[in-house]
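Student: Please find work_18.tsv (TSV, C-alpha atoms) on the next line:
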```
chain	number	residue	atom	x	y	z
A	1	MET	CA	-58.67	-11.27	48.37
A	2	ILE	CA	-59.30	-14.90	47.39
A	3	ARG	CA	-56.46	-17.42	47.35
A	4	LEU	CA	-56.66	-20.92	45.93
A	5	ALA	CA	-54.44	-23.98	46.15
A	6	ILE	CA	-54.50	-26.34	43.16
A	7	ILE	CA	-52.91	-29.77	43.49
A	8	PRO	CA	-52.72	-31.66	40.17
A	9	ALA	CA	-52.91	-35.44	40.69
A	10	ARG	CA	-53.64	-37.64	37.71
A	11	GLY	CA	-54.06	-41.39	38.04
A	12	GLY	CA	-52.07	-42.61	35.06
A	13	SER	CA	-48.42	-42.09	36.02
A	14	LYS	CA	-46.30	-44.62	34.12
A	15	ARG	CA	-42.82	-44.80	35.69
A	16	LEU	CA	-44.22	-45.03	39.21
A	17	PRO	CA	-47.80	-46.30	38.86
A	18	ARG	CA	-50.41	-44.74	41.17
A	19	LYS	CA	-47.65	-42.63	42.70
A	20	ASN	CA	-49.91	-39.86	44.01
A	21	ILE	CA	-51.60	-42.20	46.48
A	22	LEU	CA	-48.72	-44.52	47.32
A	23	PRO	CA	-48.24	-44.65	51.09
A	24	ILE	CA	-45.62	-42.58	52.91
A	25	GLN	CA	-45.65	-43.34	56.63
A	26	GLY	CA	-49.13	-44.78	56.36
A	27	GLN	CA	-50.70	-41.87	54.43
A	28	PRO	CA	-51.23	-41.42	50.69
A	29	MET	CA	-48.55	-39.21	49.21
A	30	LEU	CA	-50.91	-36.41	48.19
A	31	SER	CA	-52.17	-36.07	51.77
A	32	TYR	CA	-49.00	-34.22	52.75
A	33	PRO	CA	-49.32	-31.23	50.38
A	34	ILE	CA	-53.03	-31.08	51.23
A	35	GLU	CA	-52.24	-30.90	54.95
A	36	THR	CA	-49.51	-28.34	54.34
A	37	ALA	CA	-51.84	-26.11	52.32
A	38	LEU	CA	-54.61	-26.35	54.92
A	39	GLU	CA	-52.23	-25.68	57.78
A	40	THR	CA	-51.08	-22.38	56.29
A	41	GLY	CA	-54.56	-20.91	56.75
A	42	LEU	CA	-53.98	-18.91	53.55
A	43	PHE	CA	-56.43	-20.56	51.20
A	44	ASP	CA	-60.13	-20.12	50.70
A	45	GLN	CA	-60.13	-23.49	48.94
A	46	VAL	CA	-57.66	-26.36	48.53
A	47	MET	CA	-58.57	-28.29	45.39
A	48	ILE	CA	-57.28	-31.48	43.80
A	49	SER	CA	-57.50	-31.67	40.01
A	50	THR	CA	-57.89	-35.29	38.94
A	51	GLU	CA	-59.71	-37.65	36.58
A	52	ASP	CA	-59.32	-40.56	39.00
A	53	ASP	CA	-62.05	-41.56	41.48
A	54	GLU	CA	-59.67	-43.21	43.95
A	55	ILE	CA	-57.48	-40.11	44.07
A	56	ALA	CA	-60.57	-37.90	44.44
A	57	ASN	CA	-61.79	-39.96	47.40
A	58	ALA	CA	-58.37	-39.83	49.08
A	59	ALA	CA	-58.25	-36.05	48.60
A	60	ARG	CA	-61.67	-35.56	50.18
A	61	GLN	CA	-60.64	-37.75	53.11
A	62	PHE	CA	-57.86	-35.28	53.93
A	63	GLY	CA	-59.96	-32.15	53.52
A	64	ALA	CA	-59.52	-31.08	49.89
A	65	GLY	CA	-62.18	-30.34	47.32
A	66	VAL	CA	-62.09	-31.95	43.89
A	67	ILE	CA	-62.13	-30.54	40.38
A	68	LYS	CA	-62.95	-33.29	37.91
A	69	ARG	CA	-60.40	-33.19	35.13
A	70	PRO	CA	-61.35	-34.31	31.61
A	71	ASP	CA	-59.50	-37.34	30.24
A	72	ASN	CA	-57.81	-35.27	27.54
A	73	LEU	CA	-55.95	-33.41	30.32
A	74	ALA	CA	-54.83	-36.60	32.06
A	75	GLY	CA	-52.35	-37.93	29.50
A	76	ASP	CA	-48.56	-38.05	29.54
A	77	ARG	CA	-48.33	-34.85	27.49
A	78	SER	CA	-50.81	-32.84	29.55
A	79	SER	CA	-49.03	-29.90	31.15
A	80	VAL	CA	-49.45	-28.41	34.59
A	81	VAL	CA	-50.26	-25.11	32.88
A	82	GLN	CA	-53.20	-26.70	31.06
A	83	VAL	CA	-54.42	-28.35	34.26
A	84	CYS	CA	-54.27	-25.13	36.28
A	85	ALA	CA	-55.99	-23.17	33.51
A	86	HIS	CA	-58.79	-25.75	33.43
A	87	ALA	CA	-59.18	-25.62	37.22
A	88	LEU	CA	-59.34	-21.81	37.24
A	89	GLU	CA	-61.80	-21.70	34.35
A	90	SER	CA	-63.98	-24.36	35.99
A	91	LEU	CA	-64.14	-22.38	39.21
A	92	GLY	CA	-64.61	-19.15	37.28
A	93	SER	CA	-67.76	-20.57	35.73
A	94	GLN	CA	-69.05	-20.90	39.32
A	95	GLY	CA	-68.21	-17.27	40.07
A	96	ILE	CA	-65.01	-18.09	41.96
A	97	ARG	CA	-62.05	-15.98	40.77
A	98	PRO	CA	-58.99	-16.05	43.04
A	99	THR	CA	-56.62	-13.10	43.12
A	100	CYS	CA	-53.74	-15.54	43.14
A	101	PHE	CA	-53.25	-19.27	43.38
A	102	CYS	CA	-50.60	-21.75	44.39
A	103	CYS	CA	-50.07	-24.85	42.28
A	104	ILE	CA	-48.60	-27.44	44.64
A	105	TYR	CA	-47.35	-30.73	43.26
A	106	ALA	CA	-48.91	-33.87	44.74
A	107	THR	CA	-45.41	-35.28	45.27
A	108	ALA	CA	-44.15	-32.20	47.19
A	109	ILE	CA	-44.29	-34.07	50.48
A	110	PHE	CA	-41.39	-32.23	52.13
A	111	ILE	CA	-42.49	-28.61	51.76
A	112	SER	CA	-43.68	-26.81	54.86
A	113	PRO	CA	-46.39	-24.27	55.69
A	114	LYS	CA	-43.56	-21.79	56.21
A	115	ASP	CA	-42.39	-22.31	52.63
A	116	ILE	CA	-45.83	-21.45	51.30
A	117	LYS	CA	-46.29	-18.43	53.59
A	118	GLU	CA	-42.85	-16.91	52.98
A	119	SER	CA	-43.03	-17.36	49.21
A	120	LEU	CA	-46.42	-15.62	49.15
A	121	LYS	CA	-44.74	-12.56	50.67
A	122	GLN	CA	-42.50	-12.40	47.60
A	123	LEU	CA	-45.55	-12.46	45.34
A	124	GLU	CA	-47.38	-9.74	47.28
A	125	ALA	CA	-44.40	-7.45	47.95
A	126	ARG	CA	-44.34	-3.99	46.36
A	127	ASP	CA	-41.63	-5.13	43.98
A	128	GLY	CA	-43.32	-8.52	43.77
A	129	ALA	CA	-43.38	-10.89	40.85
A	130	ASP	CA	-46.16	-12.36	38.74
A	131	VAL	CA	-44.89	-15.84	39.63
A	132	VAL	CA	-42.87	-17.20	42.55
A	133	MET	CA	-41.61	-20.77	42.23
A	134	GLY	CA	-39.79	-23.20	44.47
A	135	VAL	CA	-36.19	-23.46	43.29
A	136	SER	CA	-33.07	-25.40	44.27
A	137	GLU	CA	-29.42	-25.06	43.38
A	138	PHE	CA	-27.76	-27.91	41.51
A	139	ASN	CA	-25.78	-30.54	43.41
A	140	LEU	CA	-23.23	-30.56	40.58
A	141	GLN	CA	-22.58	-27.40	38.58
A	142	PRO	CA	-24.19	-27.64	35.13
A	143	VAL	CA	-21.37	-25.59	33.58
A	144	GLN	CA	-19.03	-28.51	34.27
A	145	ALA	CA	-21.18	-30.81	32.10
A	146	LEU	CA	-19.46	-33.31	29.80
A	147	GLU	CA	-20.92	-34.62	26.56
A	148	MET	CA	-19.91	-37.49	24.30
A	149	LYS	CA	-18.32	-36.47	21.01
A	150	ASP	CA	-16.57	-38.85	18.62
A	151	GLY	CA	-16.43	-41.49	21.34
A	152	PHE	CA	-14.81	-39.25	23.98
A	153	LEU	CA	-16.05	-36.91	26.68
A	154	ARG	CA	-15.70	-33.19	26.02
A	155	HIS	CA	-16.62	-30.15	28.08
A	156	LYS	CA	-20.00	-28.80	26.99
A	157	TRP	CA	-18.90	-25.29	27.99
A	158	PRO	CA	-15.07	-25.29	27.81
A	159	GLU	CA	-14.89	-21.63	28.90
A	160	TYR	CA	-15.62	-22.86	32.46
A	161	LYS	CA	-13.06	-25.67	32.41
A	162	GLY	CA	-11.05	-25.69	35.64
A	163	LEU	CA	-12.79	-22.59	37.03
A	164	GLN	CA	-13.22	-22.77	40.81
A	165	SER	CA	-16.81	-23.18	41.96
A	166	GLN	CA	-16.93	-19.78	43.69
A	167	PHE	CA	-16.38	-18.10	40.31
A	168	GLN	CA	-18.94	-20.16	38.42
A	169	PRO	CA	-22.40	-18.69	37.74
A	170	LYS	CA	-24.97	-19.37	40.44
A	171	LEU	CA	-27.61	-21.46	38.75
A	172	MET	CA	-30.87	-22.90	40.00
A	173	ALA	CA	-33.94	-24.62	38.61
A	174	SER	CA	-37.61	-24.98	39.34
A	175	ASN	CA	-37.69	-28.01	41.62
A	176	GLY	CA	-41.21	-29.33	41.01
A	177	THR	CA	-42.65	-28.31	44.38
A	178	PHE	CA	-44.93	-25.29	43.84
A	179	TYR	CA	-45.72	-22.16	41.85
A	180	TRP	CA	-47.49	-19.08	43.15
A	181	ALA	CA	-49.08	-17.04	40.36
A	182	LYS	CA	-51.28	-13.99	39.98
A	183	THR	CA	-54.44	-15.25	38.34
A	184	ASN	CA	-54.92	-12.42	35.84
A	185	TYR	CA	-51.36	-12.78	34.54
A	186	PHE	CA	-51.61	-16.56	34.34
A	187	LEU	CA	-54.91	-16.72	32.46
A	188	GLU	CA	-53.73	-14.11	29.97
A	189	ASN	CA	-50.34	-15.72	29.31
A	190	LYS	CA	-50.77	-19.41	30.23
A	191	SER	CA	-47.23	-19.62	31.58
A	192	PHE	CA	-45.31	-19.91	34.84
A	193	TYR	CA	-42.33	-18.08	33.31
A	194	PRO	CA	-43.08	-14.36	33.05
A	195	LYS	CA	-40.47	-11.60	32.96
A	196	ARG	CA	-41.23	-10.93	36.62
A	197	VAL	CA	-40.51	-14.28	38.23
A	198	LYS	CA	-38.83	-14.91	41.58
A	199	GLY	CA	-37.54	-18.06	43.23
A	200	TYR	CA	-38.06	-19.30	46.76
A	201	PRO	CA	-35.06	-21.49	47.70
A	202	ILE	CA	-35.71	-24.96	49.05
A	203	PRO	CA	-32.84	-27.33	49.99
A	204	TRP	CA	-32.52	-30.06	47.38
A	205	ILE	CA	-33.09	-32.80	49.96
A	206	ARG	CA	-36.63	-31.47	50.50
A	207	ALA	CA	-37.30	-31.18	46.77
A	208	ILE	CA	-36.64	-34.73	45.64
A	209	ASP	CA	-38.43	-35.81	42.48
A	210	LEU	CA	-40.73	-38.81	42.79
A	211	ASP	CA	-40.82	-40.57	39.45
A	212	THR	CA	-39.21	-43.98	39.98
A	213	PRO	CA	-39.26	-46.81	42.57
A	214	GLU	CA	-35.83	-45.62	43.68
A	215	ASP	CA	-37.19	-42.12	44.32
A	216	LEU	CA	-39.99	-43.63	46.39
A	217	GLU	CA	-37.53	-45.67	48.44
A	218	ASN	CA	-35.47	-42.55	49.13
A	219	ALA	CA	-38.58	-40.59	50.16
A	220	ARG	CA	-39.64	-43.31	52.55
A	221	MET	CA	-36.20	-43.34	54.16
A	222	LEU	CA	-36.15	-39.56	54.53
A	223	ALA	CA	-39.74	-39.15	55.72
A	224	PRO	CA	-39.15	-40.03	59.40
A	225	LEU	CA	-36.26	-37.55	59.51
A	226	ILE	CA	-37.95	-34.64	57.72
A	227	LEU	CA	-41.70	-34.68	58.20
A	228	GLY	CA	-41.74	-34.26	61.96
A	229	ASP	CA	-39.39	-31.27	61.85
A	230	LEU	CA	-41.43	-29.50	59.17
A	231	ARG	CA	-44.47	-29.32	61.39
A	232	LYS	CA	-42.40	-27.68	64.15
A	233	GLU	CA	-41.50	-24.64	62.01
```
Hey, can you dump this file as structure tokens for me?

Tutor:
Amino acid sequence: MIRLAIIPARGGSKRLPRKNILPIQGQPMLSYPIETALETGLFDQVMISTEDDEIANAARQFGAGVIKRPDNLAGDRSSVVQVCAHALESLGSQGIRPTCFCCIYATAIFISPKDIKESLKQLEARDGADVVMGVSEFNLQPVQALEMKDGFLRHKWPEYKGLQSQFQPKLMASNGTFYWAKTNYFLENKSFYPKRVKGYPIPWIRAIDLDTPEDLENARMLAPLILGDLRKE
């Protein structure tokens, strides 16, 4: 069985320029998911997909291989599905065909080796899924959403108005940390949302999005509190 980690990391992020190599506690951001993937001992290869030479050099410094991404897959509208498909097809042309792979986001600095190992068990279980993704519950219940209509706020879903939280539907979302996928399924369907998909829960504080300077400031404040504990798991 061959397992692969793919870490997409383009150089042209707009809202937070060069975010994938901005320093967190003296290391480029993408070094943390690389170290996490390597520490699991699960992967035959840990590969960065990038079009950017500086990112490629940083990835190699921390032990990852590099898949050179074409410029047409490095734009704002390029999807992670396209990037993973390109990486798998590039390796396939070299005779490397993983049984499954884990797409780990370059900004997923607060996931742990345990997260990756335990979520793989869900993928490989007898009743396993074709995809397992990191998920988090919402801080505020979406069913209580308000929208502006005719200058006033109205309940988006009035049927839930005033309903106590314990009776509201339990909702969660992919949190932009990682996806495990079976390679055959993925290449045939080009999707991380099959009928057989499971979620691996991650507390929202470890799944913060990193898209703005404010997000970066929050991550830097949390890093001393979180990173040390993750390596003790």

Student: Please identify every residue of range 92-154 of chain A that has at least one atom no farther than 12 Å from an atom of range 49-60 of chain A, counting all atoms listed in the file, and for each give the shortest atom pair and the distance in Å to one decimal, arranged by chain then increasing number, as CSV.

Tutor:
```
residue,atom,partner,partner_atom,distance
A:Cys103,CA,A:Ser49,CA,10.3
A:Ile104,CA,A:Ser49,CA,10.9
A:Tyr105,CA,A:Ser49,CA,10.7
A:Ala106,CA,A:Ser49,CA,10.0
```

Student: I need the residue nearest Asp76 in chain A from this list: A:Gln25, A:Trp204, A:Ser191, A:Ser13. Use only C-alpha atoms for the distance.

Tutor: A:Ser13

Student: For a cutoff of 10 Å around the file-coordinate point (-43.7, -45.1, 41.4), which residues qualify once you count only C-alpha atoms? I'd like the result as a ChimeraX atom specification.

Tutor: /A:13-22,210-217

Student: How many Å separate CA of Ser90 in chain A from CA of Met29 in chain A?

Tutor: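 According to the coordinates, CA of Ser90 in chain A and CA of Met29 in chain A are separated by 25.2 Å.
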
Student: Applying 8 Å and all atoms listed in the file, which residues near Lys117 in chain A remain after dropping the ones on its own chain fewer than 3 positions away? List them as a ChimeraX atom specification.

Tutor: /A:40,42,113-114,120-121

Student: Here is a test: counting only C-alpha atoms, which residue of A:Ile109, A:Ala9, A:Val197, A:Met1 is nearest to Gly228 in chain A?

Tutor: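 Closest to Gly228 in chain A, using only C-alpha atoms: A:Ile109.
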
Student: Out of A:Lys190, A:Lys156, A:Arg196, A:Arg206, which residue has the shortest atom-to-atom distance to Gly176 in chain A when counting all atoms listed in the file?

Tutor: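 Among the listed residues, the smallest separation from Gly176 in chain A belongs to A:Arg206.
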
Student: As a list in words, please: the residues near Ala223 in chain A (cut-off 9 Å, only C-alpha atoms, same-chain neighbours under 3 positions excluded).

Tutor: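 Once the adjacent positions are removed, what remains is Ile24, Gln25, Ile109, Phe110, Asn218, Ala219, Arg220, Ile226, Leu227 and Gly228 of chain A.
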
Student: In Å, with one decimal, what is the gap from CA of Ala108 in chain A to CA of Trp180 in chain A?

Tutor: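 Distance reported for this atom pair: 14.1 Å.
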
Student: What does the distance between CA of Phe62 in chain A and CA of Ile34 in chain A come to in Å, to one decimal place?

Tutor: 6.9 Å

Student: From the set A:Pro224, A:Gly151, A:Pro70, A:Pro8, which residue has the shortest atom-to-atom contact distance to Leu30 in chain A, counting only C-alpha atoms?

Tutor: A:Pro8

Student: Kindly indicate which residue among A:Ile67, A:Ala173, A:Val135, A:Met148 lies nearest to Ile111 in chain A, using only C-alpha atoms for the distances.

Tutor: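 Checking each candidate against Ile111 in chain A, we get A:Val135 as the closest.
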
Student: Under the rule that only C-alpha atoms are counted, which of A:Leu230, A:Ser93, A:Ala87, A:Val81 is the nearest residue to Tyr32 in chain A?

Tutor: A:Leu230

Student: Please list as a VMD selection string every residue within 12 Å of range 162-171 of chain A, counting only C-alpha atoms and excluding residues in the same chain fewer than 2 positions away.

Tutor: chain A and resid 135 to 145 155 157 to 160 173 to 174 199 201

Student: Assuming 5 Å of padding per side, give the centre and edge lengths of the axis-aligned box around every listed atom of range 96-101 of chain A, in Å to one decimal and as AutoDock Vina command-line options.

Tutor:
```
--center_x -59.1 --center_y -16.2 --center_z 42.1 --size_x 21.8 --size_y 16.2 --size_z 12.6
```

Student: Since the input lacks atoms, please generate N, CA and C atoms for range 20-53 of chain A and provide them as a compact mmCIF listing (two decimals), keeping the file's coordinate frame.

Tutor:
```
# COMPACT_ATOMS: atom_id res chain seq x y z
N ASN A 20 -49.34 -40.92 43.18
CA ASN A 20 -49.91 -39.86 44.01
C ASN A 20 -50.62 -40.36 45.26
N ILE A 21 -50.96 -41.65 45.27
CA ILE A 21 -51.60 -42.20 46.48
C ILE A 21 -50.80 -43.34 47.09
N LEU A 22 -49.57 -43.52 46.66
CA LEU A 22 -48.72 -44.52 47.32
C LEU A 22 -48.46 -44.08 48.76
N PRO A 23 -48.36 -45.03 49.68
CA PRO A 23 -48.24 -44.65 51.09
C PRO A 23 -46.84 -44.16 51.48
N ILE A 24 -46.82 -43.09 52.24
CA ILE A 24 -45.62 -42.58 52.91
C ILE A 24 -45.98 -42.49 54.39
N GLN A 25 -45.34 -43.28 55.21
CA GLN A 25 -45.65 -43.34 56.63
C GLN A 25 -47.15 -43.53 56.88
N GLY A 26 -47.74 -44.41 56.12
CA GLY A 26 -49.13 -44.78 56.36
C GLY A 26 -50.18 -43.85 55.78
N GLN A 27 -49.75 -42.80 55.06
CA GLN A 27 -50.70 -41.87 54.43
C GLN A 27 -50.43 -41.82 52.93
N PRO A 28 -51.48 -41.60 52.12
CA PRO A 28 -51.23 -41.42 50.69
C PRO A 28 -50.38 -40.18 50.45
N MET A 29 -49.52 -40.27 49.46
CA MET A 29 -48.55 -39.21 49.21
C MET A 29 -49.20 -37.84 49.12
N LEU A 30 -50.31 -37.74 48.40
CA LEU A 30 -50.91 -36.41 48.19
C LEU A 30 -51.50 -35.81 49.46
N SER A 31 -51.63 -36.62 50.52
CA SER A 31 -52.17 -36.07 51.77
C SER A 31 -51.25 -35.01 52.37
N TYR A 32 -49.94 -35.14 52.12
CA TYR A 32 -49.00 -34.22 52.75
C TYR A 32 -49.10 -32.80 52.19
N PRO A 33 -49.10 -32.60 50.86
CA PRO A 33 -49.32 -31.23 50.38
C PRO A 33 -50.70 -30.68 50.72
N ILE A 34 -51.71 -31.55 50.79
CA ILE A 34 -53.03 -31.08 51.23
C ILE A 34 -52.94 -30.55 52.66
N GLU A 35 -52.36 -31.33 53.55
CA GLU A 35 -52.24 -30.90 54.95
C GLU A 35 -51.42 -29.63 55.08
N THR A 36 -50.34 -29.54 54.30
CA THR A 36 -49.51 -28.34 54.34
C THR A 36 -50.31 -27.11 53.91
N ALA A 37 -51.04 -27.24 52.81
CA ALA A 37 -51.84 -26.11 52.32
C ALA A 37 -52.89 -25.69 53.34
N LEU A 38 -53.58 -26.66 53.93
CA LEU A 38 -54.61 -26.35 54.92
C LEU A 38 -54.01 -25.70 56.16
N GLU A 39 -52.85 -26.19 56.56
CA GLU A 39 -52.23 -25.68 57.78
C GLU A 39 -51.78 -24.23 57.65
N THR A 40 -51.50 -23.78 56.44
CA THR A 40 -51.08 -22.38 56.29
C THR A 40 -52.19 -21.41 56.67
N GLY A 41 -53.44 -21.82 56.51
CA GLY A 41 -54.56 -20.91 56.75
C GLY A 41 -54.70 -19.83 55.69
N LEU A 42 -53.99 -19.95 54.58
CA LEU A 42 -53.98 -18.91 53.55
C LEU A 42 -55.10 -19.05 52.54
N PHE A 43 -55.61 -20.27 52.37
CA PHE A 43 -56.43 -20.56 51.20
C PHE A 43 -57.92 -20.61 51.51
N ASP A 44 -58.68 -20.01 50.61
CA ASP A 44 -60.13 -20.12 50.70
C ASP A 44 -60.59 -21.52 50.30
N GLN A 45 -59.84 -22.13 49.37
CA GLN A 45 -60.13 -23.49 48.94
C GLN A 45 -58.82 -24.20 48.61
N VAL A 46 -58.76 -25.48 48.94
CA VAL A 46 -57.66 -26.36 48.53
C VAL A 46 -58.28 -27.43 47.65
N MET A 47 -57.90 -27.45 46.37
CA MET A 47 -58.57 -28.29 45.39
C MET A 47 -57.60 -29.24 44.72
N ILE A 48 -58.00 -30.49 44.61
CA ILE A 48 -57.28 -31.48 43.80
C ILE A 48 -57.89 -31.48 42.40
N SER A 49 -57.04 -31.49 41.38
CA SER A 49 -57.50 -31.67 40.01
C SER A 49 -57.14 -33.09 39.58
N THR A 50 -58.16 -33.90 39.31
CA THR A 50 -57.89 -35.29 38.94
C THR A 50 -59.03 -35.86 38.09
N GLU A 51 -58.70 -36.88 37.31
CA GLU A 51 -59.71 -37.65 36.58
C GLU A 51 -60.02 -38.97 37.26
N ASP A 52 -59.34 -39.24 38.39
CA ASP A 52 -59.32 -40.56 39.00
C ASP A 52 -60.18 -40.59 40.27
N ASP A 53 -61.12 -41.51 40.34
CA ASP A 53 -62.05 -41.56 41.48
C ASP A 53 -61.34 -41.92 42.78
```
